[in-house]
$ cat target_0.cif   # mmCIF, N, CA and C atoms
data_work
loop_
_atom_site.label_atom_id
_atom_site.label_comp_id
_atom_site.auth_asym_id
_atom_site.auth_seq_id
_atom_site.Cartn_x
_atom_site.Cartn_y
_atom_site.Cartn_z
N MET A 17 -3.89 -4.61 -7.22
CA MET A 17 -3.51 -3.28 -6.81
C MET A 17 -4.32 -2.28 -7.61
N ALA A 18 -4.57 -1.16 -6.98
CA ALA A 18 -5.31 -0.12 -7.66
C ALA A 18 -4.60 1.20 -7.48
N ALA A 19 -4.67 2.00 -8.49
CA ALA A 19 -4.10 3.34 -8.42
C ALA A 19 -5.10 4.29 -9.04
N GLY A 20 -5.11 5.47 -8.54
CA GLY A 20 -6.02 6.47 -9.08
C GLY A 20 -5.68 7.82 -8.52
N PRO A 21 -6.42 8.82 -8.92
CA PRO A 21 -6.14 10.16 -8.42
C PRO A 21 -6.43 10.26 -6.93
N ALA A 22 -5.57 10.97 -6.24
CA ALA A 22 -5.76 11.20 -4.81
C ALA A 22 -6.27 12.62 -4.61
N THR A 23 -7.10 12.77 -3.61
CA THR A 23 -7.67 14.09 -3.33
C THR A 23 -6.81 14.83 -2.32
N VAL A 24 -7.02 16.12 -2.25
CA VAL A 24 -6.30 16.95 -1.27
C VAL A 24 -6.66 16.49 0.14
N SER A 25 -7.91 16.15 0.36
CA SER A 25 -8.32 15.72 1.71
C SER A 25 -7.67 14.39 2.09
N LEU A 26 -7.44 13.51 1.12
CA LEU A 26 -6.76 12.25 1.39
C LEU A 26 -5.31 12.51 1.80
N PHE A 27 -4.63 13.38 1.04
CA PHE A 27 -3.26 13.74 1.40
C PHE A 27 -3.19 14.44 2.74
N ASP A 28 -4.15 15.29 3.02
CA ASP A 28 -4.18 15.99 4.30
C ASP A 28 -4.27 15.00 5.46
N ALA A 29 -5.17 14.02 5.34
CA ALA A 29 -5.30 13.00 6.38
C ALA A 29 -4.02 12.18 6.50
N LEU A 30 -3.41 11.85 5.37
CA LEU A 30 -2.16 11.08 5.37
C LEU A 30 -1.05 11.86 6.06
N PHE A 31 -0.90 13.13 5.73
CA PHE A 31 0.15 13.95 6.35
C PHE A 31 -0.05 14.10 7.85
N ARG A 32 -1.30 14.23 8.28
CA ARG A 32 -1.55 14.31 9.73
C ARG A 32 -1.26 12.99 10.41
N LEU A 33 -1.55 11.89 9.73
CA LEU A 33 -1.24 10.57 10.28
C LEU A 33 0.26 10.38 10.40
N ILE A 34 1.00 10.76 9.37
CA ILE A 34 2.46 10.68 9.40
C ILE A 34 3.03 11.63 10.46
N GLY A 35 2.39 12.78 10.62
CA GLY A 35 2.84 13.75 11.61
C GLY A 35 2.83 13.21 13.02
N LEU A 36 1.99 12.21 13.28
CA LEU A 36 1.96 11.60 14.62
C LEU A 36 3.28 10.92 14.95
N LEU A 37 4.05 10.53 13.93
CA LEU A 37 5.33 9.90 14.18
C LEU A 37 6.30 10.85 14.90
N GLU A 38 6.09 12.13 14.70
CA GLU A 38 6.94 13.13 15.36
C GLU A 38 6.49 13.40 16.79
N MET A 39 5.33 12.85 17.16
CA MET A 39 4.80 13.05 18.51
C MET A 39 4.47 11.69 19.13
N PRO A 40 5.49 10.94 19.55
CA PRO A 40 5.26 9.59 20.06
C PRO A 40 4.27 9.54 21.22
N GLU A 41 4.22 10.59 22.02
CA GLU A 41 3.29 10.60 23.15
C GLU A 41 1.83 10.63 22.68
N ASP A 42 1.59 11.10 21.46
CA ASP A 42 0.22 11.17 20.94
C ASP A 42 -0.20 9.92 20.17
N VAL A 43 0.76 9.07 19.84
CA VAL A 43 0.44 7.86 19.07
C VAL A 43 -0.47 6.95 19.87
N GLU A 44 -0.25 6.87 21.16
CA GLU A 44 -1.05 5.98 22.01
C GLU A 44 -2.42 6.56 22.34
N THR A 45 -2.70 7.76 21.92
CA THR A 45 -3.96 8.39 22.27
C THR A 45 -5.04 8.10 21.24
N ILE A 46 -6.18 8.68 21.44
CA ILE A 46 -7.30 8.51 20.53
C ILE A 46 -7.03 9.16 19.17
N LEU A 47 -6.03 10.04 19.10
CA LEU A 47 -5.72 10.71 17.83
C LEU A 47 -5.38 9.71 16.73
N LEU A 48 -4.59 8.71 17.07
CA LEU A 48 -4.20 7.71 16.07
C LEU A 48 -5.43 7.01 15.51
N ASP A 49 -6.31 6.57 16.38
CA ASP A 49 -7.52 5.88 15.94
C ASP A 49 -8.37 6.78 15.05
N LEU A 50 -8.53 8.02 15.45
CA LEU A 50 -9.34 8.96 14.67
C LEU A 50 -8.73 9.22 13.30
N LEU A 51 -7.42 9.41 13.25
CA LEU A 51 -6.77 9.69 11.97
C LEU A 51 -6.78 8.46 11.05
N GLN A 52 -6.61 7.29 11.63
CA GLN A 52 -6.70 6.07 10.82
C GLN A 52 -8.09 5.92 10.23
N ARG A 53 -9.10 6.19 11.04
CA ARG A 53 -10.48 6.11 10.55
C ARG A 53 -10.74 7.13 9.45
N GLU A 54 -10.23 8.34 9.65
CA GLU A 54 -10.43 9.37 8.64
C GLU A 54 -9.73 8.99 7.34
N PHE A 55 -8.51 8.47 7.44
CA PHE A 55 -7.76 8.07 6.25
C PHE A 55 -8.51 6.97 5.49
N LEU A 56 -9.02 5.98 6.22
CA LEU A 56 -9.79 4.91 5.59
C LEU A 56 -11.05 5.49 4.94
N TYR A 57 -11.72 6.39 5.62
CA TYR A 57 -12.91 7.03 5.06
C TYR A 57 -12.57 7.75 3.75
N ARG A 58 -11.46 8.48 3.75
CA ARG A 58 -11.06 9.23 2.54
C ARG A 58 -10.75 8.27 1.39
N ILE A 59 -10.13 7.13 1.70
CA ILE A 59 -9.86 6.14 0.65
C ILE A 59 -11.17 5.57 0.11
N LEU A 60 -12.11 5.31 1.01
CA LEU A 60 -13.39 4.75 0.59
C LEU A 60 -14.22 5.72 -0.25
N ARG A 61 -13.83 6.97 -0.26
CA ARG A 61 -14.52 7.97 -1.07
C ARG A 61 -13.87 8.14 -2.45
N THR A 62 -12.88 7.29 -2.77
CA THR A 62 -12.20 7.36 -4.06
C THR A 62 -12.67 6.20 -4.95
N PRO A 63 -12.37 6.27 -6.24
CA PRO A 63 -12.73 5.15 -7.13
C PRO A 63 -12.03 3.84 -6.75
N ALA A 64 -10.91 3.90 -6.06
CA ALA A 64 -10.17 2.70 -5.66
C ALA A 64 -10.88 1.93 -4.55
N ALA A 65 -11.91 2.49 -3.97
CA ALA A 65 -12.62 1.84 -2.86
C ALA A 65 -13.14 0.46 -3.24
N GLN A 66 -13.56 0.29 -4.49
CA GLN A 66 -14.10 -1.00 -4.89
C GLN A 66 -13.09 -2.13 -4.73
N TYR A 67 -11.80 -1.85 -4.95
CA TYR A 67 -10.77 -2.87 -4.81
C TYR A 67 -10.54 -3.23 -3.34
N LEU A 68 -10.55 -2.21 -2.50
CA LEU A 68 -10.40 -2.45 -1.06
C LEU A 68 -11.58 -3.25 -0.54
N LEU A 69 -12.77 -2.90 -0.95
CA LEU A 69 -13.97 -3.61 -0.49
C LEU A 69 -13.97 -5.06 -0.96
N GLN A 70 -13.47 -5.32 -2.17
CA GLN A 70 -13.39 -6.70 -2.66
C GLN A 70 -12.47 -7.53 -1.79
N MET A 71 -11.39 -6.93 -1.33
CA MET A 71 -10.41 -7.68 -0.55
C MET A 71 -10.91 -8.01 0.85
N VAL A 72 -11.83 -7.21 1.38
CA VAL A 72 -12.29 -7.46 2.75
C VAL A 72 -13.61 -8.21 2.80
N ARG A 73 -14.30 -8.32 1.68
CA ARG A 73 -15.55 -9.10 1.66
C ARG A 73 -15.22 -10.57 1.77
N LEU A 74 -15.73 -11.20 2.80
CA LEU A 74 -15.45 -12.62 3.03
C LEU A 74 -15.99 -13.47 1.89
N GLY A 75 -15.21 -14.44 1.50
CA GLY A 75 -15.65 -15.39 0.50
C GLY A 75 -15.37 -14.98 -0.93
N THR A 76 -14.98 -13.74 -1.17
CA THR A 76 -14.70 -13.36 -2.56
C THR A 76 -13.32 -13.88 -2.95
N LYS A 77 -13.11 -13.97 -4.25
CA LYS A 77 -11.81 -14.43 -4.77
C LYS A 77 -10.70 -13.52 -4.26
N SER A 78 -10.95 -12.23 -4.27
CA SER A 78 -9.94 -11.27 -3.79
C SER A 78 -9.62 -11.49 -2.32
N ASN A 79 -10.64 -11.77 -1.53
CA ASN A 79 -10.43 -12.01 -0.11
C ASN A 79 -9.63 -13.28 0.12
N LYS A 80 -9.91 -14.31 -0.66
CA LYS A 80 -9.17 -15.57 -0.52
C LYS A 80 -7.70 -15.38 -0.88
N VAL A 81 -7.44 -14.61 -1.93
CA VAL A 81 -6.05 -14.34 -2.32
C VAL A 81 -5.37 -13.50 -1.25
N ALA A 82 -6.08 -12.51 -0.69
CA ALA A 82 -5.52 -11.67 0.37
C ALA A 82 -5.17 -12.53 1.58
N GLN A 83 -6.02 -13.50 1.91
CA GLN A 83 -5.72 -14.40 3.03
C GLN A 83 -4.50 -15.27 2.73
N ALA A 84 -4.38 -15.74 1.50
CA ALA A 84 -3.22 -16.55 1.12
C ALA A 84 -1.94 -15.72 1.21
N ILE A 85 -2.00 -14.48 0.74
CA ILE A 85 -0.83 -13.60 0.79
C ILE A 85 -0.46 -13.32 2.24
N GLU A 86 -1.45 -13.09 3.09
CA GLU A 86 -1.17 -12.85 4.51
C GLU A 86 -0.51 -14.07 5.14
N TRP A 87 -1.03 -15.27 4.83
CA TRP A 87 -0.43 -16.49 5.37
C TRP A 87 1.02 -16.62 4.92
N LEU A 88 1.27 -16.35 3.63
CA LEU A 88 2.63 -16.43 3.10
C LEU A 88 3.56 -15.43 3.79
N GLN A 89 3.08 -14.23 4.05
CA GLN A 89 3.90 -13.22 4.72
C GLN A 89 4.25 -13.66 6.14
N GLN A 90 3.33 -14.32 6.81
CA GLN A 90 3.56 -14.74 8.19
C GLN A 90 4.34 -16.04 8.30
N ASN A 91 4.33 -16.84 7.24
CA ASN A 91 4.93 -18.17 7.31
C ASN A 91 5.95 -18.43 6.20
N TYR A 92 6.54 -17.38 5.67
CA TYR A 92 7.40 -17.54 4.50
C TYR A 92 8.62 -18.43 4.75
N ARG A 93 9.02 -18.63 5.98
CA ARG A 93 10.19 -19.47 6.26
C ARG A 93 9.82 -20.95 6.38
N ARG A 94 8.53 -21.23 6.49
CA ARG A 94 8.10 -22.62 6.66
C ARG A 94 7.85 -23.27 5.30
N PRO A 95 8.21 -24.53 5.16
CA PRO A 95 7.88 -25.22 3.91
C PRO A 95 6.36 -25.43 3.83
N PHE A 96 5.84 -25.42 2.62
CA PHE A 96 4.41 -25.64 2.44
C PHE A 96 4.17 -26.22 1.06
N ARG A 97 3.02 -26.80 0.89
CA ARG A 97 2.60 -27.32 -0.41
C ARG A 97 1.52 -26.38 -0.94
N VAL A 98 1.62 -26.09 -2.21
CA VAL A 98 0.66 -25.18 -2.84
C VAL A 98 -0.75 -25.72 -2.69
N LYS A 99 -0.91 -27.03 -2.83
CA LYS A 99 -2.25 -27.59 -2.71
C LYS A 99 -2.82 -27.37 -1.31
N ASP A 100 -1.96 -27.39 -0.28
CA ASP A 100 -2.44 -27.13 1.07
C ASP A 100 -2.82 -25.66 1.25
N LEU A 101 -2.03 -24.75 0.69
CA LEU A 101 -2.34 -23.32 0.77
C LEU A 101 -3.63 -23.02 0.02
N ALA A 102 -3.81 -23.63 -1.14
CA ALA A 102 -5.05 -23.43 -1.90
C ALA A 102 -6.24 -23.96 -1.10
N ALA A 103 -6.09 -25.15 -0.52
CA ALA A 103 -7.18 -25.75 0.26
C ALA A 103 -7.53 -24.91 1.48
N MET A 104 -6.52 -24.33 2.15
CA MET A 104 -6.78 -23.48 3.31
C MET A 104 -7.69 -22.32 2.97
N ASN A 105 -7.62 -21.89 1.72
CA ASN A 105 -8.38 -20.72 1.29
C ASN A 105 -9.55 -21.08 0.38
N GLY A 106 -9.92 -22.37 0.37
CA GLY A 106 -11.08 -22.80 -0.39
C GLY A 106 -10.93 -22.65 -1.89
N MET A 107 -9.71 -22.88 -2.39
CA MET A 107 -9.45 -22.74 -3.82
C MET A 107 -8.88 -24.05 -4.35
N ARG A 108 -8.97 -24.24 -5.67
CA ARG A 108 -8.38 -25.41 -6.31
C ARG A 108 -6.96 -25.08 -6.75
N VAL A 109 -6.10 -26.08 -6.74
CA VAL A 109 -4.70 -25.89 -7.15
C VAL A 109 -4.64 -25.38 -8.58
N SER A 110 -5.49 -25.89 -9.44
CA SER A 110 -5.44 -25.52 -10.86
C SER A 110 -5.78 -24.05 -11.10
N THR A 111 -6.60 -23.47 -10.25
CA THR A 111 -6.98 -22.06 -10.45
C THR A 111 -6.27 -21.11 -9.50
N PHE A 112 -5.58 -21.66 -8.51
CA PHE A 112 -4.94 -20.82 -7.49
C PHE A 112 -3.97 -19.80 -8.08
N PRO A 113 -3.00 -20.19 -8.93
CA PRO A 113 -2.05 -19.21 -9.45
C PRO A 113 -2.70 -18.12 -10.30
N SER A 114 -3.73 -18.48 -11.05
CA SER A 114 -4.37 -17.48 -11.93
C SER A 114 -5.21 -16.48 -11.15
N SER A 115 -5.38 -16.69 -9.85
CA SER A 115 -6.15 -15.76 -9.03
C SER A 115 -5.35 -14.53 -8.64
N PHE A 116 -4.04 -14.57 -8.78
CA PHE A 116 -3.21 -13.48 -8.30
C PHE A 116 -3.16 -12.24 -9.19
N PRO A 117 -3.04 -12.34 -10.51
CA PRO A 117 -2.93 -11.12 -11.31
C PRO A 117 -4.11 -10.19 -11.09
N GLY A 118 -3.82 -8.91 -11.00
CA GLY A 118 -4.86 -7.93 -10.81
C GLY A 118 -5.21 -7.70 -9.35
N ILE A 119 -4.79 -8.61 -8.48
CA ILE A 119 -5.08 -8.44 -7.06
C ILE A 119 -3.83 -7.98 -6.34
N ASP A 120 -2.71 -8.66 -6.60
CA ASP A 120 -1.47 -8.25 -5.94
C ASP A 120 -0.53 -7.52 -6.89
N GLY A 121 -0.91 -7.39 -8.16
CA GLY A 121 -0.08 -6.65 -9.11
C GLY A 121 1.07 -7.46 -9.68
N ASP A 122 1.22 -8.72 -9.28
CA ASP A 122 2.31 -9.55 -9.75
C ASP A 122 1.80 -10.68 -10.62
N GLU A 123 2.74 -11.33 -11.28
CA GLU A 123 2.42 -12.50 -12.06
C GLU A 123 2.12 -13.65 -11.10
N PRO A 124 1.41 -14.68 -11.57
CA PRO A 124 1.15 -15.81 -10.69
C PRO A 124 2.44 -16.50 -10.28
N PRO A 125 2.47 -17.06 -9.08
CA PRO A 125 3.68 -17.75 -8.65
C PRO A 125 3.89 -19.02 -9.46
N ALA A 126 5.15 -19.35 -9.70
CA ALA A 126 5.47 -20.56 -10.42
C ALA A 126 5.26 -21.75 -9.49
N ILE A 127 4.61 -22.77 -9.97
CA ILE A 127 4.35 -23.96 -9.18
C ILE A 127 5.17 -25.10 -9.77
N PRO A 128 6.06 -25.69 -8.98
CA PRO A 128 6.82 -26.83 -9.48
C PRO A 128 5.89 -27.97 -9.88
N LYS A 129 6.22 -28.69 -10.91
CA LYS A 129 5.37 -29.75 -11.43
C LYS A 129 5.00 -30.77 -10.34
N ALA A 130 5.95 -31.15 -9.51
CA ALA A 130 5.68 -32.15 -8.49
C ALA A 130 4.67 -31.66 -7.47
N ASP A 131 4.61 -30.35 -7.23
CA ASP A 131 3.69 -29.80 -6.24
C ASP A 131 2.33 -29.51 -6.83
N ALA A 132 2.25 -29.45 -8.14
CA ALA A 132 0.99 -29.08 -8.78
C ALA A 132 0.02 -30.24 -8.90
N THR A 133 0.47 -31.42 -8.60
CA THR A 133 -0.43 -32.57 -8.71
C THR A 133 -1.28 -32.68 -7.46
N PRO A 134 -2.56 -33.00 -7.60
CA PRO A 134 -3.45 -33.10 -6.43
C PRO A 134 -3.18 -34.28 -5.55
#

$ encode --input "target_0.cif" --output "structure tokens"
Amino acid sequence: MAAGPATVSLFDALFRLIGLLEMPEDVETILLDLLQREFLYRILRTPAAQYLLQMVRLGTKSNKVAQAIEWLQQNYRRPFRVKDLAAMNGMRVSTFPSSFPGIDGDEPPAIPKADATP
């Protein structure tokens, strides 16, 4: 996770994006797409852009962790093995938990001893 100073233009774009919620008929129009693009552009103009870019660059450690988090969010009710989740994302079980700090803002997940064996 990254935090930093926000600019007036970033807040302006955010407020206009939120304002679309009050106009449901405009949400389906090109306005939503334009405001989303502007908001993303404003974020990319901040120092936090480097963290966002790391998460979307394919093959980076941050991208692999983001993919694992997305899989967990979509499949949290299904049983899984940590070694399988690590393998899905091209990571080793031994390094998988240590990949999380600094990316998702949380401590690494606890891995039961029985599941940590390859």

$ closest_residue --input "target_0.cif" --among "A:Ser114, A:Thr45, A:Thr62, A:Gln52" --to "Val24 of chain A" --atoms "only C-alpha atoms"
A:Thr62

$ atom_distance --input "target_0.cif" --atom1 "atom CA of Lys80 of chain A" --atom2 "atom CA of Phe55 of chain A"
24.6 Å

$ residues_near_point --input "target_0.cif" --point "(-8.5, -25.1, -4.3)" --cutoff "12 Å" --atoms "only C-alpha atoms" --output "list in words"
Lys77, Lys80, Val81, Ala84, Arg97, Val98, Lys99, Asp100, Leu101, Ala102, Ala103, Met104, Asn105, Gly106, Met107, Arg108, Val109, Ser110, Thr111, Phe112, Pro113, Ser114, Ser115, Ala132, Thr133 and Pro134 of chain A

$ residues_around --input "target_0.cif" --residues "Leu33 of chain A" --least-positions-apart "6" --cutoff "12 Å" --atoms "only C-alpha atoms" --output "PDB file with N, CA and C atoms, in the frame of the given file"
ATOM      1  N   LEU A  26      -7.440  13.510   1.120  1.00  0.00           N
ATOM      2  CA  LEU A  26      -6.760  12.250   1.390  1.00  0.00           C
ATOM      3  C   LEU A  26      -5.310  12.510   1.800  1.00  0.00           C
ATOM      4  N   PHE A  27      -4.630  13.380   1.040  1.00  0.00           N
ATOM      5  CA  PHE A  27      -3.260  13.740   1.400  1.00  0.00           C
ATOM      6  C   PHE A  27      -3.190  14.440   2.740  1.00  0.00           C
ATOM      7  N   MET A  39       5.330  12.850  17.160  1.00  0.00           N
ATOM      8  CA  MET A  39       4.800  13.050  18.510  1.00  0.00           C
ATOM      9  C   MET A  39       4.470  11.690  19.130  1.00  0.00           C
ATOM     10  N   PRO A  40       5.490  10.940  19.550  1.00  0.00           N
ATOM     11  CA  PRO A  40       5.260   9.590  20.060  1.00  0.00           C
ATOM     12  C   PRO A  40       4.270   9.540  21.220  1.00  0.00           C
ATOM     13  N   ASP A  42       1.590  11.100  21.460  1.00  0.00           N
ATOM     14  CA  ASP A  42       0.220  11.170  20.940  1.00  0.00           C
ATOM     15  C   ASP A  42      -0.200   9.920  20.170  1.00  0.00           C
ATOM     16  N   VAL A  43       0.760   9.070  19.840  1.00  0.00           N
ATOM     17  CA  VAL A  43       0.440   7.860  19.070  1.00  0.00           C
ATOM     18  C   VAL A  43      -0.470   6.950  19.870  1.00  0.00           C
ATOM     19  N   LEU A  47      -6.030  10.040  19.100  1.00  0.00           N
ATOM     20  CA  LEU A  47      -5.720  10.710  17.830  1.00  0.00           C
ATOM     21  C   LEU A  47      -5.380   9.710  16.730  1.00  0.00           C
ATOM     22  N   LEU A  48      -4.590   8.710  17.070  1.00  0.00           N
ATOM     23  CA  LEU A  48      -4.200   7.710  16.070  1.00  0.00           C
ATOM     24  C   LEU A  48      -5.430   7.010  15.510  1.00  0.00           C
ATOM     25  N   ASP A  49      -6.310   6.570  16.380  1.00  0.00           N
ATOM     26  CA  ASP A  49      -7.520   5.880  15.940  1.00  0.00           C
ATOM     27  C   ASP A  49      -8.370   6.780  15.050  1.00  0.00           C
ATOM     28  N   LEU A  50      -8.530   8.020  15.450  1.00  0.00           N
ATOM     29  CA  LEU A  50      -9.340   8.960  14.670  1.00  0.00           C
ATOM     30  C   LEU A  50      -8.730   9.220  13.300  1.00  0.00           C
ATOM     31  N   LEU A  51      -7.420   9.410  13.250  1.00  0.00           N
ATOM     32  CA  LEU A  51      -6.770   9.690  11.970  1.00  0.00           C
ATOM     33  C   LEU A  51      -6.780   8.460  11.050  1.00  0.00           C
ATOM     34  N   GLN A  52      -6.610   7.290  11.630  1.00  0.00           N
ATOM     35  CA  GLN A  52      -6.700   6.070  10.820  1.00  0.00           C
ATOM     36  C   GLN A  52      -8.090   5.920  10.230  1.00  0.00           C
ATOM     37  N   ARG A  53      -9.100   6.190  11.040  1.00  0.00           N
ATOM     38  CA  ARG A  53     -10.480   6.110  10.550  1.00  0.00           C
ATOM     39  C   ARG A  53     -10.740   7.130   9.450  1.00  0.00           C
ATOM     40  N   GLU A  54     -10.230   8.340   9.650  1.00  0.00           N
ATOM     41  CA  GLU A  54     -10.430   9.370   8.640  1.00  0.00           C
ATOM     42  C   GLU A  54      -9.730   8.990   7.340  1.00  0.00           C
ATOM     43  N   PHE A  55      -8.510   8.470   7.440  1.00  0.00           N
ATOM     44  CA  PHE A  55      -7.760   8.070   6.250  1.00  0.00           C
ATOM     45  C   PHE A  55      -8.510   6.970   5.490  1.00  0.00           C
ATOM     46  N   LEU A  56      -9.020   5.980   6.220  1.00  0.00           N
ATOM     47  CA  LEU A  56      -9.790   4.910   5.590  1.00  0.00           C
ATOM     48  C   LEU A  56     -11.050   5.490   4.940  1.00  0.00           C
TER      49      LEU A  56
END
